[in-house]
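**Student:** Contents of data01.txt (compact mmCIF, C-alpha atoms and all ligand atoms) are below:
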# COMPACT_ATOMS: atom_id res chain seq x y z
CA MET S 73 239.20 85.95 236.49
CA THR S 74 237.69 87.01 233.19
CA ASP S 75 238.91 88.56 229.94
CA ARG S 76 235.74 90.63 229.54
CA CYS S 77 236.48 94.29 228.82
CA HIS S 78 234.32 97.40 229.12
CA ALA S 79 235.10 101.01 228.22
CA LEU S 80 234.18 103.80 230.63
CA VAL S 81 234.30 107.31 229.20
CA PRO S 82 234.23 110.19 231.71
CA CYS S 83 232.37 112.90 229.81
CA ALA S 84 231.11 115.18 232.57
CA GLY S 85 233.78 117.90 232.65
CA VAL S 86 233.16 121.56 231.93
CA GLY S 87 236.31 122.20 229.88
CA SER S 88 237.26 125.38 231.73
CA ARG S 89 240.72 125.56 230.12
CA ALA S 90 239.45 125.05 226.58
CA GLY S 91 237.63 128.35 226.28
CA ALA S 92 234.80 126.76 224.27
CA ALA S 93 231.23 128.06 224.47
CA GLY S 94 230.09 124.97 226.40
CA PRO S 95 231.55 121.67 227.63
CA LYS S 96 234.49 120.93 225.32
CA GLN S 97 233.42 117.33 224.67
CA TYR S 98 230.65 118.70 222.45
CA ALA S 99 232.78 121.32 220.69
CA PRO S 100 233.19 120.55 216.98
CA VAL S 101 236.39 118.89 215.83
CA ALA S 102 236.53 118.38 212.05
CA GLY S 103 232.80 119.00 211.91
CA ARG S 104 231.74 116.53 214.60
CA PRO S 105 231.39 116.78 218.39
CA MET S 106 234.70 115.80 219.99
CA VAL S 107 233.22 112.85 221.88
CA ALA S 108 231.81 111.38 218.66
CA HIS S 109 235.38 110.81 217.43
CA THR S 110 236.30 109.25 220.78
CA LEU S 111 233.36 106.85 220.74
CA GLU S 112 233.91 105.90 217.11
CA ALA S 113 237.48 104.84 217.90
CA LEU S 114 236.31 102.76 220.88
CA ALA S 115 233.49 101.26 218.81
CA ARG S 116 236.13 99.86 216.43
CA VAL S 117 237.45 97.63 219.22
CA PRO S 118 235.32 94.47 219.11
CA ARG S 119 236.64 93.22 222.46
CA LEU S 120 234.89 96.08 224.30
CA GLU S 121 231.51 94.76 225.43
CA THR S 122 230.15 98.04 226.79
CA LEU S 123 230.91 101.68 225.96
CA LEU S 124 229.65 103.44 229.09
CA VAL S 125 229.63 107.22 228.80
CA VAL S 126 229.29 109.02 232.12
CA LEU S 127 227.58 112.40 231.67
CA ALA S 128 226.76 115.31 233.95
CA PRO S 129 223.38 114.80 235.66
CA ASP S 130 221.86 117.67 233.65
CA ASP S 131 223.48 116.83 230.31
CA ALA S 132 220.98 117.18 227.47
CA ALA S 133 223.49 117.42 224.62
CA PHE S 134 224.55 113.78 224.34
CA GLN S 135 221.08 112.54 223.49
CA SER S 136 220.02 115.55 221.45
CA LEU S 137 223.09 115.18 219.23
CA GLY S 138 222.17 111.51 218.68
CA LEU S 139 225.45 110.28 220.17
CA ASP S 140 223.69 107.50 222.06
CA GLY S 141 222.90 105.94 218.67
CA LEU S 142 226.52 105.68 217.51
CA ASP S 143 226.87 102.00 218.40
CA PRO S 144 224.58 99.46 220.10
CA ARG S 145 227.14 99.07 222.91
CA VAL S 146 226.88 102.76 223.90
CA VAL S 147 225.17 103.31 227.25
CA ALA S 148 224.72 106.81 228.72
CA LEU S 149 224.75 107.28 232.48
CA HIS S 150 223.80 110.71 233.87
CA ARG S 151 225.84 110.41 237.06
CA GLY S 152 229.02 112.47 236.57
CA GLY S 153 230.58 114.00 239.68
CA ALA S 154 232.47 117.11 240.73
CA THR S 155 235.85 115.58 239.86
CA ARG S 156 236.97 113.16 237.17
CA ALA S 157 237.60 110.56 239.90
CA ASP S 158 234.00 110.93 241.15
CA THR S 159 232.72 110.51 237.60
CA VAL S 160 234.77 107.35 237.09
CA ALA S 161 233.67 105.92 240.45
CA ALA S 162 230.02 106.49 239.54
CA GLY S 163 230.61 104.80 236.21
CA LEU S 164 232.09 101.71 237.89
CA ASP S 165 228.95 101.40 240.02
CA GLY S 166 226.88 101.80 236.86
CA LEU S 167 228.77 98.96 235.18
CA LEU S 168 228.18 96.67 238.18
CA GLU S 169 224.47 97.54 238.11
CA ARG S 170 224.40 96.57 234.43
CA GLY S 171 225.79 93.10 235.17
CA ALA S 172 229.54 93.60 234.88
CA ALA S 173 231.63 91.61 237.36
CA ALA S 174 234.30 92.89 239.74
CA ALA S 175 236.78 90.68 237.89
CA ASP S 176 236.02 92.28 234.49
CA TRP S 177 238.47 94.76 233.00
CA VAL S 178 237.53 98.41 232.63
CA LEU S 179 239.31 100.72 230.19
CA VAL S 180 238.80 104.31 231.34
CA HIS S 181 239.28 106.74 228.48
CA ASP S 182 238.92 110.54 228.48
CA ALA S 183 236.21 111.86 226.18
CA ALA S 184 238.74 114.62 225.54
CA ARG S 185 241.30 112.28 223.88
CA CYS S 186 239.46 112.14 220.60
CA LEU S 187 242.46 111.18 218.43
CA LEU S 188 242.48 107.69 219.89
CA ARG S 189 243.19 104.87 217.43
CA PRO S 190 241.67 101.40 217.91
CA GLU S 191 245.06 99.74 217.47
CA TRP S 192 246.40 101.53 220.55
CA VAL S 193 243.47 100.19 222.58
CA GLU S 194 244.12 96.69 221.23
CA ALA S 195 247.80 97.02 222.22
CA LEU S 196 246.83 98.03 225.76
CA ILE S 197 244.40 95.12 226.08
CA ASP S 198 247.00 92.66 224.76
CA ALA S 199 249.59 93.99 227.22
CA CYS S 200 247.29 93.93 230.26
CA LEU S 201 245.13 90.81 229.91
CA GLY S 202 247.80 88.59 231.44
CA ASP S 203 249.01 91.20 233.92
CA PRO S 204 248.28 90.97 237.65
CA VAL S 205 247.65 94.72 237.97
CA GLY S 206 246.75 96.34 234.64
CA GLY S 207 248.21 99.42 233.05
CA LEU S 208 247.92 102.51 230.94
CA LEU S 209 248.99 104.05 227.67
CA ALA S 210 251.85 106.45 228.31
CA LEU S 211 254.61 108.28 226.52
CA PRO S 212 258.26 108.47 227.58
CA LEU S 213 259.27 112.09 228.04
CA ALA S 214 260.94 113.43 224.88
CA ASP S 215 262.08 116.83 226.12
CA THR S 216 264.50 118.02 228.80
CA LEU S 217 262.51 118.54 231.96
CA LYS S 218 262.78 121.74 234.04
CA GLN S 219 261.57 122.37 237.53
CA ALA S 220 260.39 125.96 237.84
CA ARG S 221 260.01 128.61 240.47
CA GLY S 222 257.70 131.15 238.87
CA ASP S 223 259.08 131.76 235.39
CA ARG S 224 262.68 130.85 236.34
CA VAL S 225 264.38 127.45 236.16
CA LEU S 226 265.12 125.99 239.57
CA ALA S 227 266.63 122.73 238.34
CA THR S 228 266.88 120.31 235.45
CA VAL S 229 265.18 117.09 236.41
CA GLU S 230 266.32 113.59 235.43
CA ARG S 231 263.87 112.49 232.77
CA SER S 232 264.95 108.99 231.77
CA ASP S 233 262.41 107.44 234.14
CA LYS S 234 259.56 109.89 233.45
CA TRP S 235 256.48 109.11 231.37
CA GLN S 236 253.39 111.13 230.50
CA ALA S 237 250.21 109.30 231.47
CA GLN S 238 247.53 108.99 228.83
CA THR S 239 244.30 107.01 228.60
CA PRO S 240 242.88 104.41 228.25
CA GLN S 241 243.90 103.10 231.66
CA MET S 242 242.93 99.45 232.17
CA PHE S 243 242.29 97.78 235.52
CA ARG S 244 240.02 95.12 237.00
CA LEU S 245 236.74 96.81 237.95
CA GLY S 246 236.91 95.63 241.57
CA LEU S 247 240.50 96.76 242.08
CA LEU S 248 239.84 100.19 240.59
CA ARG S 249 236.66 100.66 242.61
CA GLU S 250 238.51 99.76 245.82
CA ALA S 251 241.39 102.08 244.88
CA LEU S 252 239.14 105.07 244.19
CA ALA S 253 237.20 104.47 247.41
CA ALA S 254 240.44 104.30 249.43
CA SER S 255 241.67 107.47 247.79
CA ARG S 256 238.44 109.27 248.66
CA ARG S 257 238.63 108.02 252.28
CA ALA S 258 242.20 109.33 252.54
CA GLY S 259 240.78 112.83 252.07
CA ALA S 260 243.61 114.06 249.82
CA PRO S 261 242.83 115.98 246.61
CA ALA S 262 241.13 113.74 244.05
CA VAL S 263 243.48 111.64 241.98
CA THR S 264 243.80 112.84 238.40
CA ASP S 265 244.06 109.38 236.86
CA GLU S 266 243.11 105.80 237.70
CA ALA S 267 246.70 104.58 237.93
CA SER S 268 247.43 107.03 240.78
CA ALA S 269 244.72 105.45 242.90
CA VAL S 270 245.93 101.93 242.10
CA GLU S 271 249.54 102.95 242.86
CA ALA S 272 248.46 104.23 246.27
CA LEU S 273 247.37 100.67 247.10
CA GLY S 274 250.95 99.55 246.50
CA HIS S 275 250.63 98.26 242.94
CA ALA S 276 252.83 99.11 239.94
CA PRO S 277 250.70 99.55 236.81
CA LYS S 278 252.27 98.60 233.49
CA LEU S 279 253.33 101.42 231.16
CA VAL S 280 252.35 100.65 227.57
CA PRO S 281 254.07 102.94 225.04
CA ALA S 282 251.64 105.09 223.11
CA SER S 283 251.67 107.89 220.55
CA ALA S 284 251.98 111.65 221.04
CA GLU S 285 248.91 111.88 218.80
CA ASN S 286 246.82 110.55 221.65
CA PHE S 287 246.92 113.93 223.40
CA LYS S 288 244.13 115.40 225.49
CA LEU S 289 242.42 118.46 224.02
CA THR S 290 242.84 120.84 226.92
CA TYR S 291 243.62 124.35 225.62
CA PRO S 292 242.08 126.35 222.75
CA GLY S 293 245.02 125.70 220.40
CA ASP S 294 244.63 121.93 220.76
CA PHE S 295 241.50 121.93 218.61
CA ALA S 296 243.24 123.20 215.45
CA LEU S 297 246.06 120.67 215.93
CA ALA S 298 243.52 117.84 216.31
CA GLU S 299 241.76 118.95 213.12
CA ARG S 300 245.03 118.97 211.18
CA LEU S 301 245.88 115.47 212.38
CA LEU S 302 242.40 114.14 211.61
CA ALA S 303 242.67 115.61 208.10
CA THR S 304 245.71 113.39 207.43
CA ARG S 305 243.83 110.21 208.38
CA PRO S 306 242.01 108.08 205.82
N1 LIG K 401 234.11 116.18 236.92
C1 LIG K 401 234.65 115.71 235.81
C2 LIG K 401 235.83 116.28 235.27
C3 LIG K 401 236.34 115.77 234.08
N2 LIG K 401 235.70 114.76 233.44
C4 LIG K 401 236.21 114.24 232.17
O1 LIG K 401 237.57 113.86 232.30
C5 LIG K 401 238.23 113.98 231.06
C6 LIG K 401 239.60 114.66 231.20
O2 LIG K 401 239.51 115.83 231.96
P1 LIG K 401 239.93 117.31 231.57
O3 LIG K 401 240.63 117.45 230.31
O4 LIG K 401 240.54 117.88 232.77
O5 LIG K 401 238.47 117.89 231.27
P2 LIG K 401 237.69 119.03 232.01
O6 LIG K 401 237.64 118.76 233.47
O7 LIG K 401 236.40 119.16 231.28
O8 LIG K 401 238.61 120.29 231.68
P3 LIG K 401 239.08 121.47 232.65
O9 LIG K 401 239.91 120.84 233.73
O10 LIG K 401 239.84 122.38 231.74
O11 LIG K 401 237.82 122.12 233.20
C7 LIG K 401 237.30 114.74 230.13
O12 LIG K 401 236.80 113.84 229.17
C8 LIG K 401 236.22 115.27 231.04
O13 LIG K 401 234.94 115.37 230.44
C9 LIG K 401 234.56 114.19 234.00
O14 LIG K 401 233.99 113.27 233.41
N3 LIG K 401 234.06 114.68 235.17
C1 LIG K 402 243.71 111.07 233.07
C2 LIG K 402 244.63 112.02 232.36
O1 LIG K 402 244.21 112.21 231.02
C3 LIG K 402 246.01 111.41 232.33
O2 LIG K 402 246.91 112.25 231.72
C4 LIG K 402 244.65 113.38 233.01
O3 LIG K 402 245.26 113.32 234.26
C5 LIG K 402 243.28 114.00 233.14
O4 LIG K 402 243.34 115.39 233.08
P1 LIG K 402 243.32 116.39 234.30
O5 LIG K 402 243.50 117.72 233.69
O6 LIG K 402 244.43 116.00 235.20
O7 LIG K 402 241.97 116.22 234.92
Could you render the structure as structure tokens?
**Tutor:**
Amino acid sequence: MTDRCHALVPCAGVGSRAGAAGPKQYAPVAGRPMVAHTLEALARVPRLETLLVVLAPDDAAFQSLGLDGLDPRVVALHRGGATRADTVAAGLDGLLERGAAAADWVLVHDAARCLLRPEWVEALIDACLGDPVGGLLALPLADTLKQARGDRVLATVERSDKWQAQTPQMFRLGLLREALAASRRAGAPAVTDEASAVEALGHAPKLVPASAENFKLTYPGDFALAERLLATRP
């Protein structure tokens, strides 16, 4: 087993909920493309050997914006798939082709979580390196949770054991590859995060408490909030 760590950034989505003119990962946040902030945070983690960014096959923006030059560890792979899970699976193959080992750790992080702080990544790595499974950044639920039918409350759901999954999510490359392949073979809808696929193999990933600031920019209003938060940072 190794302690080598690589980042894999799925960056091949279309951002349909964001209402931006093009893929949201290139929409400006505080004057820079969203994914530039994401990569800069990852680049400030020395333990990450590779920053693999998985792009849509026809992506021309990443290179034309000069994002491949952000850090010598950045590698662009034009092999994104129809779902996030497909994009991540293609990225894992890309890492293996570049010499990574099945025993290496992979930290999968959404391009769309551009408020990431390096210290949160360090905390995840510290928590997972000695763990038999791996884990993810997550946030215990702070609000009362309602189950709905349409726009009416059906029930109030126990929330003390509920967490919101964030990224990065950190697993051994081989385990995650096997988990995503098994999930695809099962024929169910694609998993929405890496942990789900690993859970389906019977494992219990570790929950590493994170910050609400590490939210995913999903809807139009998220961009203004991200800008306000970035403005408060040194
Ligand atoms: N086929 C896909 C779908 C998503 N992603 C990436 O997965 C991350 C999180 O996904 P999400 O916020 O759902 O992004 P989109 O799929 O782009 O958004 P939407 O669902 O609103 O279209 C993003 O960095 C996105 O680029 C990806 O690489 N490949
Ligand atoms: C992986 C993820 O960010 C965890 O919260 C999330 O599931 C990805 O977003 P999606 O909208 O479910 O694709």
**Student:** Taking only C-alpha atoms and all ligand atoms into account, list the residues no farther than 9 Å from ligand LIG 401 (chain K), as a PyMOL selection string.
**Tutor:** chain S and resi 81-91+95-97+107+125-128+152-160+181-185+264-265+288-291
**Student:** Write out as a list in words each polymer residue whose atoms come within 12 Å of S:Gly246, counting only C-alpha atoms; drop sequence neighbours fewer than 2 positions from it.
**Tutor:**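 Those residues are Met73, Ala161, Leu164, Asp165, Leu167, Leu168, Ala172, Ala173, Ala174, Ala175, Asp176, Trp177, Val178, Val205, Met242, Phe243, Arg244, Leu248, Arg249, Glu250, Ala251, Leu252, Ala253 and Val270 of chain S.
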**Student:** Could you check which of S:Ala303, S:Asp233, S:Leu208, S:Lys218 is closest to ligand LIG 402 (chain K), using all atoms listed in the file?
**Tutor:**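 Looking at the shortest contact to ligand LIG 402 (chain K), the residue is S:Leu208.
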**Student:** Compare S:Val180, S:Pro292, S:Pro277, S:Glu285 by their minimum atom-to-atom distance to ligand LIG 402 (chain K), counting only C-alpha atoms and all ligand atoms, and give me the closest one.
**Tutor:**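 Among S:Val180, S:Pro292, S:Pro277, S:Glu285, it is S:Val180 that comes nearest to ligand LIG 402 (chain K).
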**Student:** Dig up all the protein and nucleic acid residues within 6 Å of (243.2, 97.0, 228.9) in the file frame, using only C-alpha atoms, and format them as a list of chain:residue names.
**Tutor:**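 Every residue inside that radius is included here: S:Leu179, S:Leu196, S:Ile197, S:Cys200, S:Met242.
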**Student:** Between atom CA of S:Leu120 and atom CA of S:Arg151, what is the spacing in Å?
**Tutor:**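 So the two atoms, atom CA of S:Arg151 and atom CA of S:Leu120, lie 21.2 Å apart.
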**Student:** Rounded to one decimal place, report the atom CA of S:Arg170-atom CA of S:Arg145 distance in Å.
**Tutor:**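 Taking atom CA of S:Arg170 as the start and atom CA of S:Arg145 as the end point, the length is 12.1 Å.
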**Student:** For atom CA of S:Pro281 and atom CA of S:Arg305, quote the distance in Å rounded to one decimal.
**Tutor:**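 Pair atom CA of S:Pro281 / atom CA of S:Arg305 returns 20.9 Å.
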**Student:** Near S:Gly103, counting only C-alpha atoms, which residues have an atom at most 12 Å away, once you skip same-chain residues fewer than 5 positions from it, shown as JSON, numbers by chain?
**Tutor:** {"S": [98, 108, 109, 295, 296, 298, 299, 302, 303]}
**Student:** Go ahead and dump the residues you just picked, C-alpha atoms, as a tab-separated table (two decimals), in the frame of the given file.
**Tutor:**
chain	number	residue	atom	x	y	z
S	98	TYR	CA	230.65	118.70	222.45
S	108	ALA	CA	231.81	111.38	218.66
S	109	HIS	CA	235.38	110.81	217.43
S	295	PHE	CA	241.50	121.93	218.61
S	296	ALA	CA	243.24	123.20	215.45
S	298	ALA	CA	243.52	117.84	216.31
S	299	GLU	CA	241.76	118.95	213.12
S	302	LEU	CA	242.40	114.14	211.61
S	303	ALA	CA	242.67	115.61	208.10
**Student:** Given all atoms listed in the file as the basis, pick out the residue of S:Arg257, S:Leu245, S:Gly293, S:Ala92 nearest to S:Ala162.
**Tutor:**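 Checking each candidate against S:Ala162, we get S:Leu245 as the closest.
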**Student:** Which one of S:Ala227, S:Leu111, S:Leu201, S:Ala237 sits closest to ligand LIG 402 (chain K) if you count only C-alpha atoms and all ligand atoms?
**Tutor:**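 Closest candidate: S:Ala237.
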**Student:** Determine, counting all atoms listed in the file, every residue of protein, DNA or RNA that lies within 10 Å of (262.1, 118.7, 230.0) in the file coordinates, then give the result as a VMD selection string.
**Tutor:** chain S and resid 213 to 219 228 to 231 234
**Student:** Compare S:Leu188, S:Ala254, S:Ala267, S:Leu279 by their minimum atom-to-atom distance to S:Leu114, counting only C-alpha atoms, and give me the closest one.
**Tutor:**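 Looking only at the distances to S:Leu114, the closest residue turns out to be S:Leu188.
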**Student:** Box along x, y and z, 6 Å on every side, all listed atoms of stretch 189-202 of chain S inside: centre and edge lengths in Å to one decimal, as JSON.
**Tutor:**
{"center_x": 245.6, "center_y": 96.7, "center_z": 224.4, "size_x": 19.9, "size_y": 28.3, "size_z": 26.0}
**Student:** Quick one: of S:Gly202, S:Pro190, S:Pro144, S:Gly207, who's nearest to S:Asn286, counting only C-alpha atoms?
**Tutor:** S:Pro190
**Student:** What would stretch 227-239 of chain S look like with N, CA and C atoms restored, written as a PDB file, in the frame of the given file?
**Tutor:**
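Full text of rebuild.pdb as output:
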ATOM      1  N   ALA S 227     265.762 123.897 238.541  1.00  0.00           N
ATOM      2  CA  ALA S 227     266.630 122.730 238.340  1.00  0.00           C
ATOM      3  C   ALA S 227     266.232 122.009 237.066  1.00  0.00           C
ATOM      4  N   THR S 228     267.182 121.231 236.544  1.00  0.00           N
ATOM      5  CA  THR S 228     266.880 120.310 235.450  1.00  0.00           C
ATOM      6  C   THR S 228     266.699 118.928 236.060  1.00  0.00           C
ATOM      7  N   VAL S 229     265.583 118.316 235.727  1.00  0.00           N
ATOM      8  CA  VAL S 229     265.180 117.090 236.410  1.00  0.00           C
ATOM      9  C   VAL S 229     265.517 115.880 235.535  1.00  0.00           C
ATOM     10  N   GLU S 230     266.051 114.838 236.145  1.00  0.00           N
ATOM     11  CA  GLU S 230     266.320 113.590 235.430  1.00  0.00           C
ATOM     12  C   GLU S 230     265.027 113.119 234.757  1.00  0.00           C
ATOM     13  N   ARG S 231     265.102 112.839 233.473  1.00  0.00           N
ATOM     14  CA  ARG S 231     263.870 112.490 232.770  1.00  0.00           C
ATOM     15  C   ARG S 231     263.815 111.064 232.253  1.00  0.00           C
ATOM     16  N   SER S 232     264.918 110.308 232.408  1.00  0.00           N
ATOM     17  CA  SER S 232     264.950 108.990 231.770  1.00  0.00           C
ATOM     18  C   SER S 232     263.902 108.038 232.346  1.00  0.00           C
ATOM     19  N   ASP S 233     263.424 108.309 233.548  1.00  0.00           N
ATOM     20  CA  ASP S 233     262.410 107.440 234.140  1.00  0.00           C
ATOM     21  C   ASP S 233     261.039 108.110 234.207  1.00  0.00           C
ATOM     22  N   LYS S 234     260.832 109.160 233.397  1.00  0.00           N
ATOM     23  CA  LYS S 234     259.560 109.890 233.450  1.00  0.00           C
ATOM     24  C   LYS S 234     258.704 109.595 232.212  1.00  0.00           C
ATOM     25  N   TRP S 235     257.436 109.377 232.439  1.00  0.00           N
ATOM     26  CA  TRP S 235     256.480 109.110 231.370  1.00  0.00           C
ATOM     27  C   TRP S 235     255.275 110.036 231.543  1.00  0.00           C
ATOM     28  N   GLN S 236     254.652 110.389 230.438  1.00  0.00           N
ATOM     29  CA  GLN S 236     253.390 111.130 230.500  1.00  0.00           C
ATOM     30  C   GLN S 236     252.239 110.140 230.438  1.00  0.00           C
ATOM     31  N   ALA S 237     251.352 110.227 231.429  1.00  0.00           N
ATOM     32  CA  ALA S 237     250.210 109.300 231.470  1.00  0.00           C
ATOM     33  C   ALA S 237     249.151 109.725 230.477  1.00  0.00           C
ATOM     34  N   GLN S 238     248.655 108.744 229.731  1.00  0.00           N
ATOM     35  CA  GLN S 238     247.530 108.990 228.830  1.00  0.00           C
ATOM     36  C   GLN S 238     246.368 108.096 229.273  1.00  0.00           C
ATOM     37  N   THR S 239     245.370 108.005 228.427  1.00  0.00           N
ATOM     38  CA  THR S 239     244.300 107.010 228.600  1.00  0.00           C
ATOM     39  C   THR S 239     244.124 106.335 227.245  1.00  0.00           C
TER      40      THR S 239
END
